[in-house]
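Reproduced below: input-v2.pdb, with PDB, C-alpha atoms.
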```pdb
ATOM      1  CA  MET O 294     285.532-104.392 -39.804
ATOM      2  CA  LYS O 295     283.148-106.306 -37.511
ATOM      3  CA  LEU O 296     280.077-104.743 -36.006
ATOM      4  CA  GLN O 297     279.466-105.340 -32.315
ATOM      5  CA  ILE O 298     275.695-105.570 -32.722
ATOM      6  CA  GLY O 299     274.359-108.454 -30.677
ATOM      7  CA  LYS O 300     277.501-109.060 -28.603
ATOM      8  CA  GLU O 301     277.348-106.851 -25.505
ATOM      9  CA  GLU O 302     274.693-104.190 -26.096
ATOM     10  CA  TRP O 303     271.693-106.427 -25.444
ATOM     11  CA  LYS O 304     272.977-107.298 -21.964
ATOM     12  CA  GLN O 305     273.257-103.605 -21.127
ATOM     13  CA  MET O 306     269.742-103.034 -22.435
ATOM     14  CA  ILE O 307     268.380-105.848 -20.230
ATOM     15  CA  ARG O 308     270.160-104.420 -17.162
ATOM     16  CA  LYS O 309     268.691-100.967 -17.817
ATOM     17  CA  PHE O 310     265.201-102.412 -18.147
ATOM     18  CA  TYR O 311     265.205-105.088 -15.439
ATOM     19  CA  GLY O 312     266.617-103.001 -12.567
ATOM     20  CA  PRO O 313     263.749-100.469 -12.385
ATOM     21  CA  PHE O 314     261.222-103.139 -13.407
ATOM     22  CA  GLU O 315     262.198-105.401 -10.499
ATOM     23  CA  LYS O 316     261.832-102.504  -8.023
ATOM     24  CA  GLU O 317     258.375-101.711  -9.424
ATOM     25  CA  ILE O 318     257.274-105.350  -9.048
ATOM     26  CA  GLU O 319     258.403-105.427  -5.393
ATOM     27  CA  LYS O 320     256.531-102.166  -4.713
ATOM     28  CA  VAL O 321     253.281-103.518  -6.227
ATOM     29  CA  GLU O 322     253.562-106.827  -4.317
ATOM     30  CA  LYS O 323     253.883-104.932  -1.013
ATOM     31  CA  GLU O 324     250.812-102.813  -1.844
ATOM     32  CA  LEU O 325     248.734-105.864  -2.786
ATOM     33  CA  GLU O 326     249.475-107.779   0.418
ATOM     34  CA  HIS O 327     246.817-105.859   2.364
ATOM     35  CA  VAL O 328     244.195-105.872  -0.429
ATOM     36  CA  GLU O 329     241.387-108.334   0.221
ATOM     37  CA  LEU O 330     238.832-109.339  -2.398
ATOM     38  CA  VAL O 331     235.342-109.460  -0.908
ATOM     39  CA  ASP O 332     232.559-111.207  -2.822
ATOM     40  CA  GLU O 333     229.122-109.603  -3.083
ATOM     41  CA  VAL O 334     226.613-111.673  -1.083
ATOM     42  CA  SER O 335     223.251-112.436  -2.717
ATOM     43  CA  ASP O 336     219.882-113.154  -1.108
ATOM     44  CA  ILE O 337     219.765-116.675  -2.591
ATOM     45  CA  GLN O 338     220.489-119.627  -0.326
ATOM     46  CA  CYS O 339     222.611-122.589  -1.485
ATOM     47  CA  GLU O 340     220.466-125.714  -1.917
ATOM     48  CA  LYS O 341     223.287-128.053  -0.867
ATOM     49  CA  CYS O 342     224.796-126.472   2.273
ATOM     50  CA  GLY O 343     222.463-123.585   3.255
ATOM     51  CA  ARG O 344     224.988-120.722   3.021
ATOM     52  CA  MET O 345     224.098-117.495   1.248
ATOM     53  CA  MET O 346     225.451-117.598  -2.311
ATOM     54  CA  VAL O 347     227.854-114.933  -3.630
ATOM     55  CA  TYR O 348     228.323-113.276  -7.017
ATOM     56  CA  LYS O 349     231.486-114.313  -8.845
ATOM     57  CA  TYR O 350     232.949-113.273 -12.185
ATOM     58  CA  GLY O 351     234.014-115.883 -14.698
ATOM     59  CA  LYS O 352     234.995-116.193 -18.322
ATOM     60  CA  TYR O 353     231.406-115.651 -19.500
ATOM     61  CA  GLY O 354     230.347-113.031 -16.954
ATOM     62  CA  LYS O 355     228.659-112.953 -13.572
ATOM     63  CA  PHE O 356     227.284-116.105 -11.885
ATOM     64  CA  LEU O 357     226.216-117.345  -8.446
ATOM     65  CA  ALA O 358     228.517-119.636  -6.452
ATOM     66  CA  CYS O 359     228.634-121.076  -2.957
ATOM     67  CA  PRO O 360     231.239-119.387  -0.694
ATOM     68  CA  GLY O 361     232.276-122.734   0.843
ATOM     69  CA  TYR O 362     233.953-123.749  -2.426
ATOM     70  CA  PRO O 363     236.179-126.751  -1.718
ATOM     71  CA  GLU O 364     233.484-128.520   0.344
ATOM     72  CA  CYS O 365     230.432-127.292  -1.627
ATOM     73  CA  LYS O 366     230.840-126.809  -5.380
ATOM     74  CA  ASN O 367     227.330-125.517  -6.099
ATOM     75  CA  ALA O 368     227.131-122.836  -8.817
ATOM     76  CA  LYS O 369     224.331-121.562 -11.057
ATOM     77  CA  PRO O 370     223.710-118.846 -13.638
ATOM     78  CA  ILE O 371     221.932-115.594 -12.882
ATOM     79  CA  ILE O 372     218.468-115.813 -14.429
ATOM     80  CA  GLU O 373     216.927-112.542 -15.606
ATOM     81  CA  THR O 374     213.130-112.450 -15.912
ATOM     82  CA  ILE O 375     210.675-109.879 -17.249
ATOM     83  CA  ASN O 376     207.359-108.964 -15.647
ATOM     84  CA  VAL O 377     205.293-110.034 -18.671
ATOM     85  CA  PRO O 378     203.656-113.488 -18.400
ATOM     86  CA  CYS O 379     204.233-116.191 -20.989
ATOM     87  CA  PRO O 380     201.713-115.757 -23.843
ATOM     88  CA  LYS O 381     201.136-119.508 -23.969
ATOM     89  CA  CYS O 382     200.957-120.751 -20.358
ATOM     90  CA  GLY O 383     201.129-117.624 -18.142
ATOM     91  CA  SER O 384     204.414-118.463 -16.347
ATOM     92  CA  ALA O 385     207.403-116.139 -16.039
ATOM     93  CA  VAL O 386     209.477-115.335 -19.146
ATOM     94  CA  GLN O 387     213.255-115.445 -18.902
ATOM     95  CA  ILE O 388     215.796-113.480 -20.929
ATOM     96  CA  ARG O 389     218.702-115.594 -22.139
ATOM     97  CA  LYS O 390     221.614-114.936 -24.453
ATOM     98  CA  THR O 391     222.906-116.863 -27.418
ATOM     99  CA  LYS O 392     226.598-117.583 -27.909
ATOM    100  CA  ARG O 393     226.755-114.409 -29.973
ATOM    101  CA  LYS O 394     225.235-112.390 -27.098
ATOM    102  CA  ARG O 395     221.836-111.859 -28.738
ATOM    103  CA  ASN O 396     218.847-111.856 -26.341
ATOM    104  CA  TYR O 397     215.924-114.235 -26.726
ATOM    105  CA  TYR O 398     212.850-114.812 -24.583
ATOM    106  CA  ILE O 399     211.860-118.233 -23.268
ATOM    107  CA  CYS O 400     209.244-119.584 -20.877
ATOM    108  CA  GLU O 401     210.586-120.841 -17.542
ATOM    109  CA  ASN O 402     208.700-124.127 -18.133
ATOM    110  CA  ASN O 403     210.431-124.764 -21.463
ATOM    111  CA  PRO O 404     210.914-127.667 -22.463
ATOM    112  CA  ASP O 405     208.898-129.455 -19.739
ATOM    113  CA  SER O 406     205.345-128.231 -20.354
ATOM    114  CA  CYS O 407     205.575-125.117 -22.554
ATOM    115  CA  ASP O 408     207.364-124.571 -25.853
ATOM    116  CA  TYR O 409     207.306-120.743 -25.991
ATOM    117  CA  ILE O 410     210.505-119.183 -27.315
ATOM    118  CA  SER O 411     210.870-115.933 -29.262
ATOM    119  CA  TRP O 412     213.375-113.324 -30.445
ATOM    120  CA  ASN O 413     210.794-110.604 -29.716
ATOM    121  CA  LYS O 414     209.792-109.494 -26.227
ATOM    122  CA  PRO O 415     206.229-110.642 -25.471
ATOM    123  CA  LYS O 416     203.597-107.961 -24.942
ATOM    124  CA  PRO O 417     201.103-108.060 -22.047
ATOM    125  CA  GLY O 418     197.912-109.876 -23.054
ATOM    126  CA  GLU O 419     199.469-111.272 -26.244
ATOM    127  CA  LYS O 420     198.509-114.816 -27.243
ATOM    128  CA  TRP O 421     201.164-116.938 -28.915
ATOM    129  CA  ASN O 422     200.472-118.907 -32.054
ATOM    130  CA  PRO O 423     203.424-120.957 -33.324
ATOM    131  CA  LYS O 424     202.051-121.048 -36.896
ATOM    132  CA  GLU O 425     201.924-117.243 -37.050
ATOM    133  CA  ALA O 426     205.424-117.085 -35.605
ATOM    134  CA  GLU O 427     206.700-119.395 -38.362
ATOM    135  CA  GLU O 428     204.998-117.273 -41.047
ATOM    136  CA  ILE O 429     206.542-114.090 -39.646
ATOM    137  CA  LYS O 430     209.920-115.795 -39.529
ATOM    138  CA  LYS O 431     209.645-116.825 -43.192
ATOM    139  CA  GLU O 432     208.606-113.311 -44.230
ATOM    140  CA  THR O 433     211.498-111.655 -42.412
ATOM    141  CA  THR O 434     214.079-114.069 -43.803
ATOM    142  CA  LYS O 435     212.823-113.421 -47.337
ATOM    143  CA  LYS O 436     213.176-109.660 -46.858
ATOM    144  CA  THR O 437     216.613-109.759 -45.235
ATOM    145  CA  ARG O 438     218.301-112.189 -47.615
ATOM    146  CA  LYS O 439     220.546-110.574 -50.124
ATOM    147  CA  THR O 440     220.989-112.091 -53.517
ATOM    148  CA  THR O 441     224.021-111.406 -55.614
ATOM    149  CA  LYS O 442     223.895-111.644 -59.350
ATOM    150  CA  LYS O 443     226.950-112.476 -61.320
ATOM    151  CA  LYS O 444     227.732-110.145 -64.144
ATOM    152  CA  THR O 445     228.234-111.885 -67.417
ATOM    153  CA  ALA O 446     230.733-110.631 -69.936
ATOM    154  CA  LYS O 447     229.232-109.366 -73.196
TER     155      LYS O 447
END
```
Take the structure in the file and write it out as C-alpha cells.
Amino acid sequence: MKLQIGKEEWKQMIRKFYGPFEKEIEKVEKELEHVELVDEVSDIQCEKCGRMMVYKYGKYGKFLACPGYPECKNAKPIIETINVPCPKCGSAVQIRKTKRKRNYYICENNPDSCDYISWNKPKPGEKWNPKEAEEIKKETTKKTRKTTKKKTAK
C-alpha cells in the first residue's frame, strides 16, 4: 500500500493559496498607484545647490537630505543640541548617540579647540575639570564591577 502524500496534494494546496493571494496582490497594487510619498521639508538650506533640505528615514533613523538627489547628493545627520553652554569653552553642547543608542554630551567644537565630552548632562554654570571626571569615572567603575569567586571543593 503506497501513500499518496507528496504526489498531488501539494499542488492542490498551492492552487488554494495562490488564487486568493494573487487577487489580493492586484487589489493592493491598484490602491497604491495613487499614493504619493511626500517628504517633510526642513528650514535648512542645502550648501551645494540651495534647495531646502527634507527629512528622510534610513536604516539608522531620521536624517537630512537634498531633494534633488541624482544631481545633488548632499546629506547630513540631524544634530540635537541642549540650551546649556559647554562647561569648558561656552559653546553649544550636542547630544549624540553611541552604537548602542546611549546618549553622550559633546562640545560642538570637539575635537578642534575643545575636548569636552561627558556621559552626564552638563549643568548651567558648571566648570569642567578633566582630572575630576577621570576620578569619578574610576570610582563608578570600581562600584559597578562585579567579582565572582570560585567555590572550592572541601
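For the structure shown here, the set of residues caught by the PyMOL selection byres ((chain O and resi 397) around 12) is Glu373, Thr374, Ile375, Val386, Gln387, Ile388, Arg389, Lys390, Thr391, Lys392, Arg393, Lys394, Arg395, Asn396, Tyr398, Ile399, Cys400, Tyr409, Ile410, Ser411, Trp412, Asn413, Lys414 and Pro415 of chain O.
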Taking the file as shown, what set of residues would the PyMOL selection byres ((chain O and resi 367) around 8) give back, as a PyMOL selection string? chain O and resi 339+341+358-359+362+365-366+368-369
Residue nearest Cys379 in chain O - candidates O:Glu333, O:Glu317, O:Asp408, O:Glu364, atoms counted: all atoms listed in the file: O:Asp408
Selection near Met345 in chain O, 9 Å with only C-alpha atoms, sequence-local residues under 3 positions removed, as a PDB file with C-alpha atoms, keeping the file's coordinate frame:
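File produced: selection.pdb:
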```
ATOM      1  CA  VAL O 334     226.613-111.673  -1.083  1.00  0.00           C
ATOM      2  CA  SER O 335     223.251-112.436  -2.717  1.00  0.00           C
ATOM      3  CA  ASP O 336     219.882-113.154  -1.108  1.00  0.00           C
ATOM      4  CA  ILE O 337     219.765-116.675  -2.591  1.00  0.00           C
ATOM      5  CA  GLN O 338     220.489-119.627  -0.326  1.00  0.00           C
ATOM      6  CA  CYS O 339     222.611-122.589  -1.485  1.00  0.00           C
ATOM      7  CA  CYS O 359     228.634-121.076  -2.957  1.00  0.00           C
ATOM      8  CA  PRO O 360     231.239-119.387  -0.694  1.00  0.00           C
TER       9      PRO O 360
END
```
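Here CA of Leu357 in chain O and CA of Gly383 in chain O stand 26.9 Å from one another.
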Straight-line distance linking CA of Ile371 in chain O with CA of Val331 in chain O, stated in Å to one decimal: 19.0 Å
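Interatomic distance, CA of Asp332 in chain O to CA of Glu319 in chain O: 26.6 Å.
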The residue from O:Ser384, O:His327, O:Lys355, O:Gly312 with the smallest atom-to-atom distance to Ser406 in chain O, counting all atoms listed in the file, is O:Ser384
Provide an axis-aligned box for all listed atoms of range 358-364 of chain O, padding each side by 3 Å; report its centre and its edge lengths in Å to one decimal, as AutoDock Vina command-line options.
```
--center_x 232.3 --center_y -124.0 --center_z -2.8 --size_x 13.7 --size_y 15.1 --size_z 13.3
```
Emit a file covering range 295-438 of chain O of the preceding structure with C-alpha atoms, as a PDB file, in the first residue's frame.
```
ATOM      1  CA  LYS O 295       1.527   3.315  -1.135  1.00  0.00           C
ATOM      2  CA  LEU O 296       0.621   6.614   0.423  1.00  0.00           C
ATOM      3  CA  GLN O 297      -0.125   9.489  -1.928  1.00  0.00           C
ATOM      4  CA  ILE O 298       1.494  12.083   0.331  1.00  0.00           C
ATOM      5  CA  GLY O 299       3.599  14.446  -1.736  1.00  0.00           C
ATOM      6  CA  LYS O 300       2.246  13.423  -5.151  1.00  0.00           C
ATOM      7  CA  GLU O 301      -0.818  15.548  -5.921  1.00  0.00           C
ATOM      8  CA  GLU O 302      -1.973  17.158  -2.674  1.00  0.00           C
ATOM      9  CA  TRP O 303       0.685  19.869  -2.572  1.00  0.00           C
ATOM     10  CA  LYS O 304      -0.376  21.174  -5.990  1.00  0.00           C
ATOM     11  CA  GLN O 305      -3.959  21.487  -4.775  1.00  0.00           C
ATOM     12  CA  MET O 306      -2.755  23.292  -1.664  1.00  0.00           C
ATOM     13  CA  ILE O 307      -0.765  25.780  -3.781  1.00  0.00           C
ATOM     14  CA  ARG O 308      -3.796  26.426  -6.022  1.00  0.00           C
ATOM     15  CA  LYS O 309      -5.999  27.091  -2.986  1.00  0.00           C
ATOM     16  CA  PHE O 310      -3.466  29.528  -1.565  1.00  0.00           C
ATOM     17  CA  TYR O 311      -2.250  31.308  -4.703  1.00  0.00           C
ATOM     18  CA  GLY O 312      -5.643  32.101  -6.269  1.00  0.00           C
ATOM     19  CA  PRO O 313      -6.922  34.378  -3.467  1.00  0.00           C
ATOM     20  CA  PHE O 314      -3.389  35.640  -2.773  1.00  0.00           C
ATOM     21  CA  GLU O 315      -2.931  36.813  -6.370  1.00  0.00           C
ATOM     22  CA  LYS O 316      -6.267  38.689  -6.264  1.00  0.00           C
ATOM     23  CA  GLU O 317      -5.235  40.388  -3.010  1.00  0.00           C
ATOM     24  CA  ILE O 318      -1.903  41.489  -4.521  1.00  0.00           C
ATOM     25  CA  GLU O 319      -3.661  43.020  -7.554  1.00  0.00           C
ATOM     26  CA  LYS O 320      -6.093  44.863  -5.255  1.00  0.00           C
ATOM     27  CA  VAL O 321      -3.251  46.345  -3.154  1.00  0.00           C
ATOM     28  CA  GLU O 322      -1.270  47.398  -6.260  1.00  0.00           C
ATOM     29  CA  LYS O 323      -4.305  49.300  -7.593  1.00  0.00           C
ATOM     30  CA  GLU O 324      -4.763  51.071  -4.237  1.00  0.00           C
ATOM     31  CA  LEU O 325      -1.086  52.049  -4.044  1.00  0.00           C
ATOM     32  CA  GLU O 326      -0.964  53.590  -7.521  1.00  0.00           C
ATOM     33  CA  HIS O 327      -2.486  56.863  -6.293  1.00  0.00           C
ATOM     34  CA  VAL O 328      -0.493  57.026  -3.025  1.00  0.00           C
ATOM     35  CA  GLU O 329       2.294  59.592  -3.146  1.00  0.00           C
ATOM     36  CA  LEU O 330       5.044  59.823  -0.542  1.00  0.00           C
ATOM     37  CA  VAL O 331       5.725  63.440   0.390  1.00  0.00           C
ATOM     38  CA  ASP O 332       8.907  64.310   2.282  1.00  0.00           C
ATOM     39  CA  GLU O 333       8.787  66.734   5.209  1.00  0.00           C
ATOM     40  CA  VAL O 334      10.605  69.952   4.251  1.00  0.00           C
ATOM     41  CA  SER O 335      13.028  71.436   6.796  1.00  0.00           C
ATOM     42  CA  ASP O 336      14.133  75.043   7.274  1.00  0.00           C
ATOM     43  CA  ILE O 337      17.771  74.185   6.474  1.00  0.00           C
ATOM     44  CA  GLN O 338      19.157  75.132   3.075  1.00  0.00           C
ATOM     45  CA  CYS O 339      21.439  72.785   1.100  1.00  0.00           C
ATOM     46  CA  GLU O 340      25.001  74.146   0.963  1.00  0.00           C
ATOM     47  CA  LYS O 341      25.643  72.709  -2.508  1.00  0.00           C
ATOM     48  CA  CYS O 342      22.544  73.606  -4.564  1.00  0.00           C
ATOM     49  CA  GLY O 343      20.465  75.997  -2.394  1.00  0.00           C
ATOM     50  CA  ARG O 344      17.265  73.915  -2.176  1.00  0.00           C
ATOM     51  CA  MET O 345      15.504  73.413   1.139  1.00  0.00           C
ATOM     52  CA  MET O 346      16.548  70.066   2.626  1.00  0.00           C
ATOM     53  CA  VAL O 347      13.987  67.368   3.512  1.00  0.00           C
ATOM     54  CA  TYR O 348      13.753  64.793   6.295  1.00  0.00           C
ATOM     55  CA  LYS O 349      14.305  61.209   5.165  1.00  0.00           C
ATOM     56  CA  TYR O 350      14.248  57.914   7.042  1.00  0.00           C
ATOM     57  CA  GLY O 351      17.119  55.482   6.716  1.00  0.00           C
ATOM     58  CA  LYS O 352      18.490  52.375   8.346  1.00  0.00           C
ATOM     59  CA  TYR O 353      19.693  54.322  11.400  1.00  0.00           C
ATOM     60  CA  GLY O 354      16.798  56.771  11.706  1.00  0.00           C
ATOM     61  CA  LYS O 355      15.958  60.257  10.508  1.00  0.00           C
ATOM     62  CA  PHE O 356      18.445  62.418   8.557  1.00  0.00           C
ATOM     63  CA  LEU O 357      18.503  65.480   6.292  1.00  0.00           C
ATOM     64  CA  ALA O 358      18.904  65.052   2.527  1.00  0.00           C
ATOM     65  CA  CYS O 359      18.714  67.252  -0.542  1.00  0.00           C
ATOM     66  CA  PRO O 360      15.503  66.747  -2.590  1.00  0.00           C
ATOM     67  CA  GLY O 361      17.411  66.985  -5.898  1.00  0.00           C
ATOM     68  CA  TYR O 362      19.012  63.586  -5.252  1.00  0.00           C
ATOM     69  CA  PRO O 363      20.556  62.379  -8.513  1.00  0.00           C
ATOM     70  CA  GLU O 364      22.154  65.778  -9.250  1.00  0.00           C
ATOM     71  CA  CYS O 365      22.904  66.795  -5.629  1.00  0.00           C
ATOM     72  CA  LYS O 366      23.839  64.034  -3.183  1.00  0.00           C
ATOM     73  CA  ASN O 367      24.192  66.216  -0.082  1.00  0.00           C
ATOM     74  CA  ALA O 368      23.040  64.577   3.174  1.00  0.00           C
ATOM     75  CA  LYS O 369      23.773  65.228   6.851  1.00  0.00           C
ATOM     76  CA  PRO O 370      22.680  63.998  10.274  1.00  0.00           C
ATOM     77  CA  ILE O 371      20.193  65.819  12.466  1.00  0.00           C
ATOM     78  CA  ILE O 372      22.151  67.434  15.295  1.00  0.00           C
ATOM     79  CA  GLU O 373      20.333  67.814  18.613  1.00  0.00           C
ATOM     80  CA  THR O 374      21.645  70.490  20.988  1.00  0.00           C
ATOM     81  CA  ILE O 375      20.796  71.462  24.560  1.00  0.00           C
ATOM     82  CA  ASN O 376      20.488  75.014  25.858  1.00  0.00           C
ATOM     83  CA  VAL O 377      23.291  74.612  28.415  1.00  0.00           C
ATOM     84  CA  PRO O 378      26.685  76.048  27.370  1.00  0.00           C
ATOM     85  CA  CYS O 379      29.828  73.937  27.318  1.00  0.00           C
ATOM     86  CA  PRO O 380      31.430  73.981  30.800  1.00  0.00           C
ATOM     87  CA  LYS O 381      34.881  74.358  29.261  1.00  0.00           C
ATOM     88  CA  CYS O 382      34.575  76.858  26.385  1.00  0.00           C
ATOM     89  CA  GLY O 383      30.966  78.156  26.477  1.00  0.00           C
ATOM     90  CA  SER O 384      29.875  76.844  23.041  1.00  0.00           C
ATOM     91  CA  ALA O 385      26.766  74.767  22.370  1.00  0.00           C
ATOM     92  CA  VAL O 386      26.615  71.163  23.631  1.00  0.00           C
ATOM     93  CA  GLN O 387      25.349  68.461  21.297  1.00  0.00           C
ATOM     94  CA  ILE O 388      23.620  65.202  22.200  1.00  0.00           C
ATOM     95  CA  ARG O 389      24.936  62.223  20.257  1.00  0.00           C
ATOM     96  CA  LYS O 390      24.314  58.502  20.461  1.00  0.00           C
ATOM     97  CA  THR O 391      26.705  55.599  20.654  1.00  0.00           C
ATOM     98  CA  LYS O 392      26.280  52.486  18.527  1.00  0.00           C
ATOM     99  CA  ARG O 393      24.329  51.002  21.417  1.00  0.00           C
ATOM    100  CA  LYS O 394      21.972  54.018  21.457  1.00  0.00           C
ATOM    101  CA  ARG O 395      23.305  55.519  24.698  1.00  0.00           C
ATOM    102  CA  ASN O 396      23.352  59.348  24.827  1.00  0.00           C
ATOM    103  CA  TYR O 397      26.517  61.325  25.482  1.00  0.00           C
ATOM    104  CA  TYR O 398      27.190  65.055  25.523  1.00  0.00           C
ATOM    105  CA  ILE O 399      29.927  66.684  23.456  1.00  0.00           C
ATOM    106  CA  CYS O 400      31.012  70.235  22.679  1.00  0.00           C
ATOM    107  CA  GLU O 401      30.318  71.402  19.120  1.00  0.00           C
ATOM    108  CA  ASN O 402      33.994  72.465  18.858  1.00  0.00           C
ATOM    109  CA  ASN O 403      35.278  68.983  19.709  1.00  0.00           C
ATOM    110  CA  PRO O 404      37.994  67.982  18.580  1.00  0.00           C
ATOM    111  CA  ASP O 405      39.120  71.298  17.024  1.00  0.00           C
ATOM    112  CA  SER O 406      39.504  73.580  20.048  1.00  0.00           C
ATOM    113  CA  CYS O 407      37.635  71.951  22.953  1.00  0.00           C
ATOM    114  CA  ASP O 408      37.874  68.440  24.364  1.00  0.00           C
ATOM    115  CA  TYR O 409      34.675  68.371  26.468  1.00  0.00           C
ATOM    116  CA  ILE O 410      32.794  65.074  26.338  1.00  0.00           C
ATOM    117  CA  SER O 411      30.663  63.508  29.074  1.00  0.00           C
ATOM    118  CA  TRP O 412      28.062  60.822  29.785  1.00  0.00           C
ATOM    119  CA  ASN O 413      26.309  63.238  32.170  1.00  0.00           C
ATOM    120  CA  LYS O 414      24.315  66.268  31.054  1.00  0.00           C
ATOM    121  CA  PRO O 415      26.188  69.467  31.969  1.00  0.00           C
ATOM    122  CA  LYS O 416      24.566  71.791  34.491  1.00  0.00           C
ATOM    123  CA  PRO O 417      24.339  75.570  33.968  1.00  0.00           C
ATOM    124  CA  GLY O 418      27.357  77.341  35.467  1.00  0.00           C
ATOM    125  CA  GLU O 419      29.293  74.087  35.933  1.00  0.00           C
ATOM    126  CA  LYS O 420      33.041  74.183  35.280  1.00  0.00           C
ATOM    127  CA  TRP O 421      34.630  71.093  33.772  1.00  0.00           C
ATOM    128  CA  ASN O 422      37.788  69.580  35.168  1.00  0.00           C
ATOM    129  CA  PRO O 423      39.057  66.527  33.272  1.00  0.00           C
ATOM    130  CA  LYS O 424      41.007  65.235  36.302  1.00  0.00           C
ATOM    131  CA  GLU O 425      37.856  65.208  38.443  1.00  0.00           C
ATOM    132  CA  ALA O 426      35.978  63.499  35.629  1.00  0.00           C
ATOM    133  CA  GLU O 427      38.618  60.747  35.498  1.00  0.00           C
ATOM    134  CA  GLU O 428      38.434  60.271  39.286  1.00  0.00           C
ATOM    135  CA  ILE O 429      34.641  59.997  39.164  1.00  0.00           C
ATOM    136  CA  LYS O 430      34.925  57.525  36.311  1.00  0.00           C
ATOM    137  CA  LYS O 431      37.347  55.348  38.298  1.00  0.00           C
ATOM    138  CA  GLU O 432      35.099  55.437  41.372  1.00  0.00           C
ATOM    139  CA  THR O 433      31.997  54.423  39.433  1.00  0.00           C
ATOM    140  CA  THR O 434      33.748  51.574  37.634  1.00  0.00           C
ATOM    141  CA  LYS O 435      35.013  50.215  40.957  1.00  0.00           C
ATOM    142  CA  LYS O 436      31.488  50.237  42.398  1.00  0.00           C
ATOM    143  CA  THR O 437      29.782  48.694  39.371  1.00  0.00           C
ATOM    144  CA  ARG O 438      32.238  45.876  38.703  1.00  0.00           C
TER     145      ARG O 438
END
```
